[in-house]
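Source file: structure_27.txt. Holds: compact mmCIF, C-alpha atoms.
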```txt
# COMPACT_ATOMS: atom_id res chain seq x y z
CA MET H 1 -6.90 -44.09 -11.52
CA ALA H 2 -4.14 -41.68 -10.44
CA ARG H 3 -0.93 -43.47 -9.47
CA GLU H 4 1.08 -40.37 -8.57
CA LEU H 5 0.26 -36.97 -7.12
CA GLU H 6 2.71 -34.09 -6.82
CA ILE H 7 1.84 -31.32 -4.34
CA VAL H 8 3.39 -28.36 -2.54
CA ARG H 9 5.21 -29.55 0.57
CA PRO H 10 2.61 -29.66 3.36
CA ASP H 11 2.50 -27.93 6.74
CA ASP H 12 1.10 -29.10 10.07
CA TRP H 13 -0.88 -26.35 11.79
CA HIS H 14 -1.16 -28.13 15.17
CA LEU H 15 1.66 -30.34 16.44
CA HIS H 16 2.90 -31.67 19.79
CA LEU H 17 6.61 -32.40 19.97
CA ARG H 18 7.08 -32.59 23.75
CA ASP H 19 10.69 -32.16 24.90
CA GLY H 20 13.83 -34.11 25.68
CA ALA H 21 13.96 -37.74 24.56
CA ILE H 22 10.46 -37.68 23.04
CA LEU H 23 11.25 -34.57 20.98
CA LYS H 24 14.38 -36.15 19.52
CA ALA H 25 12.54 -39.37 18.66
CA VAL H 26 9.37 -37.94 17.10
CA LEU H 27 10.50 -34.75 15.34
CA PRO H 28 12.10 -36.50 12.31
CA PHE H 29 8.75 -38.08 11.38
CA THR H 30 7.39 -34.56 10.87
CA SER H 31 10.47 -32.73 9.63
CA LYS H 32 11.17 -35.14 6.77
CA THR H 33 7.79 -34.40 5.14
CA PHE H 34 6.41 -31.12 6.49
CA GLY H 35 7.93 -27.71 5.84
CA ARG H 36 6.52 -25.98 8.92
CA ALA H 37 4.40 -26.70 11.96
CA ILE H 38 2.60 -24.70 14.62
CA ILE H 39 4.15 -26.03 17.83
CA MET H 40 1.92 -26.50 20.85
CA PRO H 41 3.16 -24.85 24.09
CA ASN H 42 1.60 -27.19 26.68
CA LEU H 43 4.84 -28.54 28.08
CA SER H 44 5.32 -28.98 31.80
CA PRO H 45 5.90 -26.20 32.75
CA PRO H 46 4.15 -24.51 29.82
CA ILE H 47 5.65 -22.05 27.34
CA THR H 48 4.08 -18.83 28.65
CA SER H 49 6.37 -16.13 27.26
CA VAL H 50 8.18 -15.24 24.07
CA LYS H 51 11.48 -15.91 25.85
CA ASP H 52 10.30 -19.44 26.69
CA ALA H 53 9.17 -19.96 23.10
CA LEU H 54 12.55 -18.95 21.66
CA MET H 55 14.38 -21.30 24.01
CA TYR H 56 12.05 -24.14 23.02
CA LYS H 57 12.56 -23.32 19.35
CA ASP H 58 16.32 -23.67 19.84
CA ARG H 59 15.82 -27.13 21.37
CA ILE H 60 13.62 -28.15 18.42
CA SER H 61 16.17 -26.90 15.90
CA ALA H 62 18.94 -28.79 17.69
CA ALA H 63 16.89 -32.02 17.51
CA CYS H 64 16.14 -31.69 13.79
CA PRO H 65 18.25 -33.90 11.48
CA ASP H 66 20.83 -31.90 9.53
CA ASN H 67 19.40 -32.97 6.17
CA HIS H 68 15.85 -31.88 7.02
CA SER H 69 14.61 -28.39 6.15
CA PHE H 70 11.95 -27.63 8.76
CA LYS H 71 10.72 -24.44 10.44
CA PRO H 72 8.94 -24.60 13.80
CA LEU H 73 6.34 -21.85 14.21
CA MET H 74 6.15 -21.01 17.88
CA THR H 75 3.19 -20.22 20.10
CA ILE H 76 2.77 -19.17 23.70
CA TYR H 77 0.33 -20.55 26.23
CA LEU H 78 -2.29 -17.99 27.22
CA THR H 79 -2.87 -17.50 30.93
CA GLU H 80 -4.99 -15.01 32.84
CA SER H 81 -1.81 -13.04 33.60
CA THR H 82 -0.25 -13.06 30.11
CA ASP H 83 1.55 -9.81 29.23
CA LEU H 84 -0.21 -8.49 26.13
CA MET H 85 2.84 -6.44 25.14
CA ASP H 86 4.95 -9.62 25.19
CA ILE H 87 2.51 -11.02 22.63
CA ALA H 88 2.58 -7.84 20.55
CA ASP H 89 6.37 -7.58 20.53
CA GLY H 90 6.88 -11.29 19.85
CA PHE H 91 4.38 -11.31 17.00
CA SER H 92 5.74 -8.13 15.39
CA GLN H 93 9.24 -9.64 15.32
CA ASN H 94 7.98 -13.01 14.00
CA TYR H 95 9.17 -14.80 17.14
CA ILE H 96 5.69 -16.26 17.62
CA SER H 97 3.03 -17.07 15.05
CA ALA H 98 0.00 -17.46 17.32
CA VAL H 99 -1.24 -17.66 20.90
CA LYS H 100 -2.86 -20.81 22.28
CA LEU H 101 -5.95 -20.78 24.50
CA TYR H 102 -6.67 -23.78 26.71
CA PRO H 103 -9.69 -23.83 29.00
CA ALA H 104 -8.28 -24.88 32.38
CA GLY H 105 -8.45 -28.67 32.71
CA ALA H 106 -9.59 -29.36 29.15
CA THR H 107 -6.69 -31.54 28.01
CA THR H 108 -3.06 -32.55 28.61
CA ASN H 109 -1.12 -30.03 30.73
CA SER H 110 -3.94 -27.46 30.62
CA SER H 111 -4.15 -26.76 34.35
CA HIS H 112 -2.59 -23.31 33.80
CA GLY H 113 -5.32 -22.42 31.30
CA ILE H 114 -8.30 -20.09 31.44
CA ASN H 115 -11.16 -20.04 33.93
CA ASP H 116 -12.49 -16.50 33.38
CA PHE H 117 -12.43 -15.61 29.69
CA LYS H 118 -13.44 -12.00 30.29
CA LYS H 119 -10.09 -11.43 31.98
CA LEU H 120 -8.56 -11.85 28.51
CA TYR H 121 -10.59 -9.22 26.71
CA LYS H 122 -7.72 -6.69 26.73
CA VAL H 123 -5.46 -9.38 25.26
CA PHE H 124 -8.04 -10.23 22.59
CA GLU H 125 -8.38 -6.53 21.76
CA LYS H 126 -4.63 -6.23 21.20
CA MET H 127 -4.50 -9.44 19.17
CA GLU H 128 -7.36 -8.22 16.99
CA GLU H 129 -5.49 -4.96 16.44
CA ILE H 130 -2.21 -6.59 15.37
CA GLY H 131 -3.70 -9.58 13.52
CA CYS H 132 -2.21 -12.26 15.78
CA PRO H 133 -4.11 -15.57 15.46
CA LEU H 134 -5.72 -17.14 18.50
CA CYS H 135 -5.62 -20.94 18.43
CA VAL H 136 -8.45 -22.31 20.56
CA HIS H 137 -9.00 -25.66 22.23
CA GLY H 138 -12.75 -25.41 21.96
CA GLU H 139 -14.25 -27.37 24.83
CA VAL H 140 -16.02 -26.38 28.02
CA VAL H 141 -14.95 -28.17 31.18
CA ASP H 142 -18.20 -27.83 33.13
CA PRO H 143 -18.81 -31.26 34.73
CA GLN H 144 -22.52 -30.79 34.07
CA VAL H 145 -21.86 -30.87 30.31
CA ASP H 146 -21.56 -34.30 28.68
CA ILE H 147 -18.10 -34.89 27.23
CA PHE H 148 -19.61 -35.46 23.77
CA ASP H 149 -21.29 -32.01 23.94
CA ARG H 150 -18.33 -29.97 25.17
CA GLU H 151 -17.35 -28.63 21.76
CA HIS H 152 -20.66 -27.25 20.55
CA VAL H 153 -21.45 -25.83 24.01
CA PHE H 154 -18.10 -24.02 23.93
CA ILE H 155 -18.92 -22.54 20.53
CA ASP H 156 -22.35 -21.34 21.69
CA LYS H 157 -21.47 -20.15 25.20
CA ILE H 158 -17.87 -18.93 24.93
CA LEU H 159 -16.51 -18.59 21.40
CA ASP H 160 -19.48 -16.89 19.76
CA PRO H 161 -19.72 -14.14 22.43
CA ILE H 162 -15.98 -13.50 22.04
CA MET H 163 -16.35 -13.20 18.26
CA ARG H 164 -19.30 -10.84 18.62
CA THR H 165 -17.16 -8.62 20.84
CA PHE H 166 -14.04 -8.90 18.67
CA PRO H 167 -15.41 -9.53 15.15
CA ASN H 168 -12.03 -9.19 13.41
CA LEU H 169 -10.02 -11.41 15.76
CA LYS H 170 -8.28 -14.17 13.79
CA VAL H 171 -9.29 -17.49 15.33
CA VAL H 172 -8.37 -21.08 14.57
CA LEU H 173 -10.87 -23.45 16.15
CA GLU H 174 -8.57 -26.40 16.55
CA HIS H 175 -9.12 -30.12 16.03
CA ILE H 176 -12.87 -29.78 15.43
CA THR H 177 -14.95 -32.92 15.89
CA THR H 178 -18.61 -32.06 15.23
CA GLN H 179 -21.09 -31.11 12.54
CA GLU H 180 -21.87 -28.03 14.61
CA ALA H 181 -18.25 -26.85 14.46
CA VAL H 182 -18.11 -27.40 10.70
CA SER H 183 -21.31 -25.38 10.25
CA TYR H 184 -20.09 -22.58 12.53
CA VAL H 185 -16.86 -22.18 10.58
CA LYS H 186 -18.61 -22.40 7.21
CA THR H 187 -21.03 -19.62 8.13
CA SER H 188 -18.45 -17.34 9.77
CA LYS H 189 -16.29 -14.63 8.28
CA GLU H 190 -12.91 -15.44 6.74
CA ASN H 191 -11.07 -14.61 9.98
CA ILE H 192 -12.39 -17.85 11.54
CA ALA H 193 -10.91 -21.14 10.36
CA ALA H 194 -10.54 -24.66 11.72
CA THR H 195 -7.96 -27.39 11.80
CA ILE H 196 -8.97 -31.02 11.37
CA THR H 197 -6.81 -33.91 12.54
CA THR H 198 -5.90 -37.04 10.66
CA HIS H 199 -7.33 -39.32 13.33
CA HIS H 200 -10.69 -37.54 13.54
CA LEU H 201 -11.09 -38.17 9.81
CA VAL H 202 -10.63 -41.88 10.47
CA ILE H 203 -12.20 -42.80 13.80
CA ASN H 204 -15.55 -42.41 15.47
CA ARG H 205 -16.31 -43.22 19.10
CA ASN H 206 -16.87 -46.91 18.29
CA PHE H 207 -13.15 -47.19 17.59
CA ILE H 208 -12.47 -46.30 21.23
CA LEU H 209 -15.24 -48.24 22.96
CA ALA H 210 -16.59 -51.10 20.83
CA ALA H 211 -15.27 -54.62 21.57
CA GLY H 212 -13.14 -53.33 24.43
CA ILE H 213 -11.50 -50.03 25.30
CA LYS H 214 -8.76 -49.01 22.84
CA PRO H 215 -6.57 -46.47 24.64
CA HIS H 216 -4.52 -45.56 21.56
CA TYR H 217 -7.67 -44.16 19.91
CA TYR H 218 -8.50 -42.02 22.95
CA CYS H 219 -7.97 -38.32 22.27
CA LEU H 220 -9.34 -34.95 23.32
CA PRO H 221 -11.63 -33.70 22.00
CA VAL H 222 -12.94 -37.24 22.05
CA ALA H 223 -14.10 -38.74 18.74
CA LYS H 224 -17.85 -38.44 18.18
CA ARG H 225 -20.57 -40.29 16.22
CA GLU H 226 -20.04 -41.40 12.62
CA LYS H 227 -22.17 -38.55 11.26
CA HIS H 228 -19.66 -36.09 12.72
CA ARG H 229 -16.69 -37.92 11.19
CA ILE H 230 -18.41 -37.77 7.81
CA ALA H 231 -19.03 -34.03 8.22
CA LEU H 232 -15.34 -33.49 8.98
CA LEU H 233 -14.26 -35.55 5.97
CA LYS H 234 -16.60 -33.65 3.64
CA ALA H 235 -15.26 -30.33 4.95
CA ALA H 236 -11.61 -31.37 4.59
CA ALA H 237 -12.12 -32.82 1.10
CA SER H 238 -14.13 -29.81 -0.11
CA GLY H 239 -11.05 -27.67 -0.63
CA SER H 240 -12.68 -24.84 1.34
CA SER H 241 -10.12 -22.29 2.49
CA SER H 242 -11.63 -22.37 6.00
CA PHE H 243 -10.31 -25.88 6.78
CA PHE H 244 -6.73 -27.11 6.92
CA LEU H 245 -4.61 -29.85 8.44
CA GLY H 246 -3.57 -29.73 12.06
CA THR H 247 -2.61 -33.27 12.97
CA ASP H 248 -2.62 -32.78 16.75
CA SER H 249 -0.11 -35.63 16.64
CA ALA H 250 0.41 -36.22 20.35
CA PRO H 251 3.03 -38.76 21.45
CA HIS H 252 2.66 -40.42 24.86
CA PHE H 253 4.54 -43.36 26.30
CA ASP H 254 2.53 -46.58 26.20
CA THR H 255 2.77 -46.82 29.98
CA HIS H 256 0.88 -43.52 30.18
CA LYS H 257 -1.71 -44.48 27.56
CA GLU H 258 -2.34 -48.00 28.82
CA SER H 259 -3.12 -47.12 32.42
CA ALA H 260 -6.00 -46.62 34.82
CA CYS H 261 -6.17 -42.96 33.73
CA GLY H 262 -4.80 -43.00 30.21
CA CYS H 263 -3.44 -39.90 28.47
CA ALA H 264 -5.34 -38.37 25.55
CA GLY H 265 -3.61 -38.26 22.17
CA CYS H 266 -2.93 -40.10 18.92
CA PHE H 267 0.57 -40.21 17.42
CA THR H 268 -0.04 -39.76 13.69
CA ALA H 269 3.14 -38.04 12.49
CA PRO H 270 4.65 -41.16 10.85
CA ASN H 271 1.71 -41.92 8.52
CA THR H 272 -0.46 -38.80 8.23
CA MET H 273 0.09 -37.96 4.57
CA SER H 274 -0.35 -41.57 3.44
CA ILE H 275 -3.62 -41.90 5.38
CA LEU H 276 -4.92 -38.60 4.03
CA ALA H 277 -4.16 -39.59 0.44
CA GLU H 278 -6.10 -42.83 0.98
CA LEU H 279 -9.10 -40.97 2.45
CA PHE H 280 -9.17 -38.25 -0.21
CA GLU H 281 -8.88 -40.88 -2.95
CA GLN H 282 -11.87 -42.73 -1.44
CA GLU H 283 -13.79 -39.44 -1.47
CA GLY H 284 -12.92 -38.83 -5.13
CA SER H 285 -11.21 -35.59 -4.04
CA LEU H 286 -7.52 -36.36 -4.41
CA GLU H 287 -7.04 -33.11 -6.29
CA LYS H 288 -8.21 -31.19 -3.18
CA LEU H 289 -5.61 -32.73 -0.87
CA GLU H 290 -3.08 -29.99 -1.64
CA TYR H 291 -5.50 -27.28 -0.51
CA PHE H 292 -6.09 -29.02 2.82
CA THR H 293 -2.45 -29.85 3.58
CA SER H 294 -0.38 -27.22 1.79
CA ILE H 295 -2.30 -24.10 0.77
CA ASN H 296 -5.19 -23.11 3.04
CA GLY H 297 -3.24 -22.92 6.29
CA ALA H 298 -0.39 -20.92 4.79
CA ASN H 299 -2.87 -18.45 3.34
CA PHE H 300 -4.67 -18.05 6.66
CA TYR H 301 -1.39 -17.39 8.48
CA ASN H 302 -0.28 -14.98 5.71
CA LEU H 303 2.76 -17.08 4.87
CA PRO H 304 4.15 -18.00 1.44
CA LEU H 305 3.63 -21.53 0.22
CA ASN H 306 6.57 -23.85 0.66
CA SER H 307 8.88 -23.78 -2.35
CA GLU H 308 9.58 -27.53 -2.14
CA ARG H 309 7.22 -30.22 -3.39
CA ILE H 310 6.54 -33.83 -2.47
CA LYS H 311 5.22 -36.76 -4.47
CA LEU H 312 2.59 -39.24 -3.29
CA ILE H 313 2.82 -42.60 -5.07
CA LYS H 314 0.12 -45.27 -5.10
CA GLU H 315 2.01 -48.51 -4.55
CA THR H 316 0.85 -51.92 -5.78
CA ASP H 317 0.79 -53.33 -2.24
CA PRO H 318 -0.02 -51.71 1.11
CA ILE H 319 2.95 -50.03 2.74
CA GLU H 320 4.07 -50.74 6.28
CA PHE H 321 4.68 -48.18 8.99
CA PRO H 322 6.44 -48.71 12.29
CA ASN H 323 4.04 -49.90 14.96
CA LYS H 324 6.18 -48.54 17.78
CA VAL H 325 8.74 -45.78 18.24
CA PHE H 326 11.44 -46.30 20.84
CA THR H 327 12.71 -43.19 22.60
CA GLY H 328 15.17 -44.50 25.19
CA GLU H 329 12.78 -43.42 27.96
CA GLY H 330 9.72 -45.28 26.75
CA VAL H 331 7.77 -46.71 23.82
CA ILE H 332 5.21 -44.77 21.76
CA THR H 333 2.54 -46.52 19.66
CA VAL H 334 1.92 -45.21 16.14
CA PHE H 335 -1.71 -44.57 15.14
CA ASP H 336 -3.30 -47.48 13.25
CA PRO H 337 -6.04 -46.34 10.83
CA GLY H 338 -7.56 -49.81 10.70
CA PHE H 339 -7.38 -50.13 6.90
CA PRO H 340 -4.61 -50.78 4.35
CA VAL H 341 -2.69 -47.72 3.17
CA SER H 342 -0.95 -47.83 -0.21
CA TRP H 343 0.26 -44.25 -0.71
CA SER H 344 3.96 -43.61 -0.08
CA VAL H 345 5.53 -40.16 0.30
CA LYS H 346 8.67 -39.07 -1.52
CA SER H 347 10.57 -35.77 -1.43
CA ILE H 348 11.35 -34.18 -4.76
```
Using the file provided, produce a representation of the structure as structure tokens.
Amino acid sequence: MARELEIVRPDDWHLHLRDGAILKAVLPFTSKTFGRAIIMPNLSPPITSVKDALMYKDRISAACPDNHSFKPLMTIYLTESTDLMDIADGFSQNYISAVKLYPAGATTNSSHGINDFKKLYKVFEKMEEIGCPLCVHGEVVDPQVDIFDREHVFIDKILDPIMRTFPNLKVVLEHITTQEAVSYVKTSKENIAATITTHHLVINRNFILAAGIKPHYYCLPVAKREKHRIALLKAAASGSSSFFLGTDSAPHFDTHKESACGCAGCFTAPNTMSILAELFEQEGSLEKLEYFTSINGANFYNLPLNSERIKLIKETDPIEFPNKVFTGEGVITVFDPGFPVSWSVKSI
């Protein structure tokens, strides 16, 4: 059995860092291991322009430890009044790496998102022309649609018509959770890819609801049945270039998670790579981990692979991660996979 695995330094293609005290507390968990990350723009207020994105990037860089080499890849939050030339100029100058689409009301701080997708067709046309990726939170918010069906209804009713109209638009269907999403990406052209989170590879909906409600497993899109988790794990461990890691690591204070209307999100930054190594080893696909974490995403975004490498080491005993992170403004609970994890991560 392999005791060590050396891979190209990984990237995180979907990350929430928040701002202020939370940013300073959580960023080092990512920056010590990951070379780059696509930074989500759903702050309050959201990052809706290239100017906003550059200011946020400066705050991230200021919060990064001096001995960490980390590059935030910025995005802007798409609204129905977004200036398409702001996107074009920002993308051409490498100020932004993608644009993020939130259906209005779909998740945390998404109230400024999209209600009428056809209002964006001129934006999509320009993005298709210049090759700018569109990162999509793929859920409908129709109250008539069951929450467990929101993803595949979005693909059928919204995403597929967009792709038929703009067949060369680069799209990342983010944090997919269903067999249907896996199948859609597998059968699409190479300009459609998907991110898969660490927590959706671990949990199904029983984790949230069985034997009492577990708020720290609640996320959006919500975890689905076990058959969907298995489909995600098979896709991630296949090495297919269409699937890559986007942790969607989403820190919230415990007071906001453990409440009458708890926030959605799992904070996985501290233990993602160790959990993934454990899962891929169980699948007999440890050699495919590098594709999922370090190669496929960079290729999709037309970026070079990181020059640094990391080493994963299988320890004799399970390793321990912090259960809580203290920010000065509140406490954040670290995601618990529910099984022992024995893979440690070392920089080379």
ask   = Using all atoms listed in the file, which residue out of H:Lys57, H:Lys224, H:Arg18, H:Lys186 lies closest to Phe243 of chain H?
value =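 That would be H:Lys186, the residue with the smallest distance to Phe243 of chain H.
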So which residues touch Leu201 of chain H within 10 Å, counting all atoms listed in the file, skipping near sequence neighbours fewer than 4 positions away, as a PDB file with C-alpha atoms, in the frame of the given file?
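Wrote it out as out34.pdb, contents follow:
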```
ATOM      1  CA  THR H 177     -14.950 -32.920  15.890  1.00  0.00           C
ATOM      2  CA  ILE H 196      -8.970 -31.020  11.370  1.00  0.00           C
ATOM      3  CA  THR H 197      -6.810 -33.910  12.540  1.00  0.00           C
ATOM      4  CA  ALA H 223     -14.100 -38.740  18.740  1.00  0.00           C
ATOM      5  CA  GLU H 226     -20.040 -41.400  12.620  1.00  0.00           C
ATOM      6  CA  HIS H 228     -19.660 -36.090  12.720  1.00  0.00           C
ATOM      7  CA  ARG H 229     -16.690 -37.920  11.190  1.00  0.00           C
ATOM      8  CA  ILE H 230     -18.410 -37.770   7.810  1.00  0.00           C
ATOM      9  CA  ALA H 231     -19.030 -34.030   8.220  1.00  0.00           C
ATOM     10  CA  LEU H 232     -15.340 -33.490   8.980  1.00  0.00           C
ATOM     11  CA  LEU H 233     -14.260 -35.550   5.970  1.00  0.00           C
ATOM     12  CA  LYS H 234     -16.600 -33.650   3.640  1.00  0.00           C
ATOM     13  CA  ALA H 236     -11.610 -31.370   4.590  1.00  0.00           C
ATOM     14  CA  ILE H 275      -3.620 -41.900   5.380  1.00  0.00           C
ATOM     15  CA  LEU H 276      -4.920 -38.600   4.030  1.00  0.00           C
ATOM     16  CA  LEU H 279      -9.100 -40.970   2.450  1.00  0.00           C
ATOM     17  CA  PRO H 337      -6.040 -46.340  10.830  1.00  0.00           C
TER      18      PRO H 337
END
```
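The protein and nucleic acid residues lying at most 10 Å from His112 of chain H are Asn42, Ser44, Pro45, Pro46, Thr48, Tyr77, Leu78, Thr79, Glu80, Tyr102, Pro103, Ala104, Gly105, Asn109, Ser110, Ile114 and Asn115 of chain H, with all atoms listed in the file considered and sequence neighbours fewer than 2 positions away removed.
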message = What's around Pro28 of chain H at 9 Å? Count all atoms listed in the file, leave out sequence neighbours fewer than 5 positions away in its own chain, and write the answer as JSON, numbers by chain.
response = {"H": [23, 33, 63, 64, 65, 68, 270]}
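The shortest atom-to-atom distance to Gly338 of chain H, with all atoms listed in the file taken into account, belongs to H:Tyr217 out of H:Met55, H:Arg3, H:Ala37, H:Tyr217.
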task = For atom CA of Ala194 of chain H and atom CA of Glu174 of chain H, determine how far apart the two atoms are, in Å to one decimal place.
result = 5.5 Å
inquiry  = Measuring between only C-alpha atoms, which one of H:Gly90, H:Gly138, H:Pro41, H:Pro10 shows the shortest distance to Leu289 of chain H?
reply    =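 Among H:Gly90, H:Gly138, H:Pro41, H:Pro10, it is H:Pro10 that comes nearest to Leu289 of chain H.
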message = So, with all atoms listed in the file as the atoms that count, which of H:Ile348, H:Ile87, H:Val185, H:Ile295 lies closest to Lys100 of chain H?
response = H:Ile87
task = Considering all atoms listed in the file, state which residue in the set H:Val341, H:Ala62, H:Ala264, H:Ile332 is at the smallest distance from Leu220 of chain H.
result = H:Ala264
Straight-line distance linking atom CA of Phe207 of chain H with atom CA of Cys266 of chain H, stated in Å to one decimal =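 Between atom CA of Phe207 of chain H and atom CA of Cys266 of chain H the gap is 12.5 Å.
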Nearest candidate to Thr30 of chain H (options H:Ala269, H:Ala106, H:Val334, H:Val136; using only C-alpha atoms) =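 Closest to Thr30 of chain H of all the choices is H:Ala269.
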message = Could you tell me how far atom CA of Glu258 of chain H sits from atom CA of Lys324 of chain H, in Å to one decimal place?
response =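 Result for atom CA of Lys324 of chain H versus atom CA of Glu258 of chain H: 14.0 Å, one decimal.
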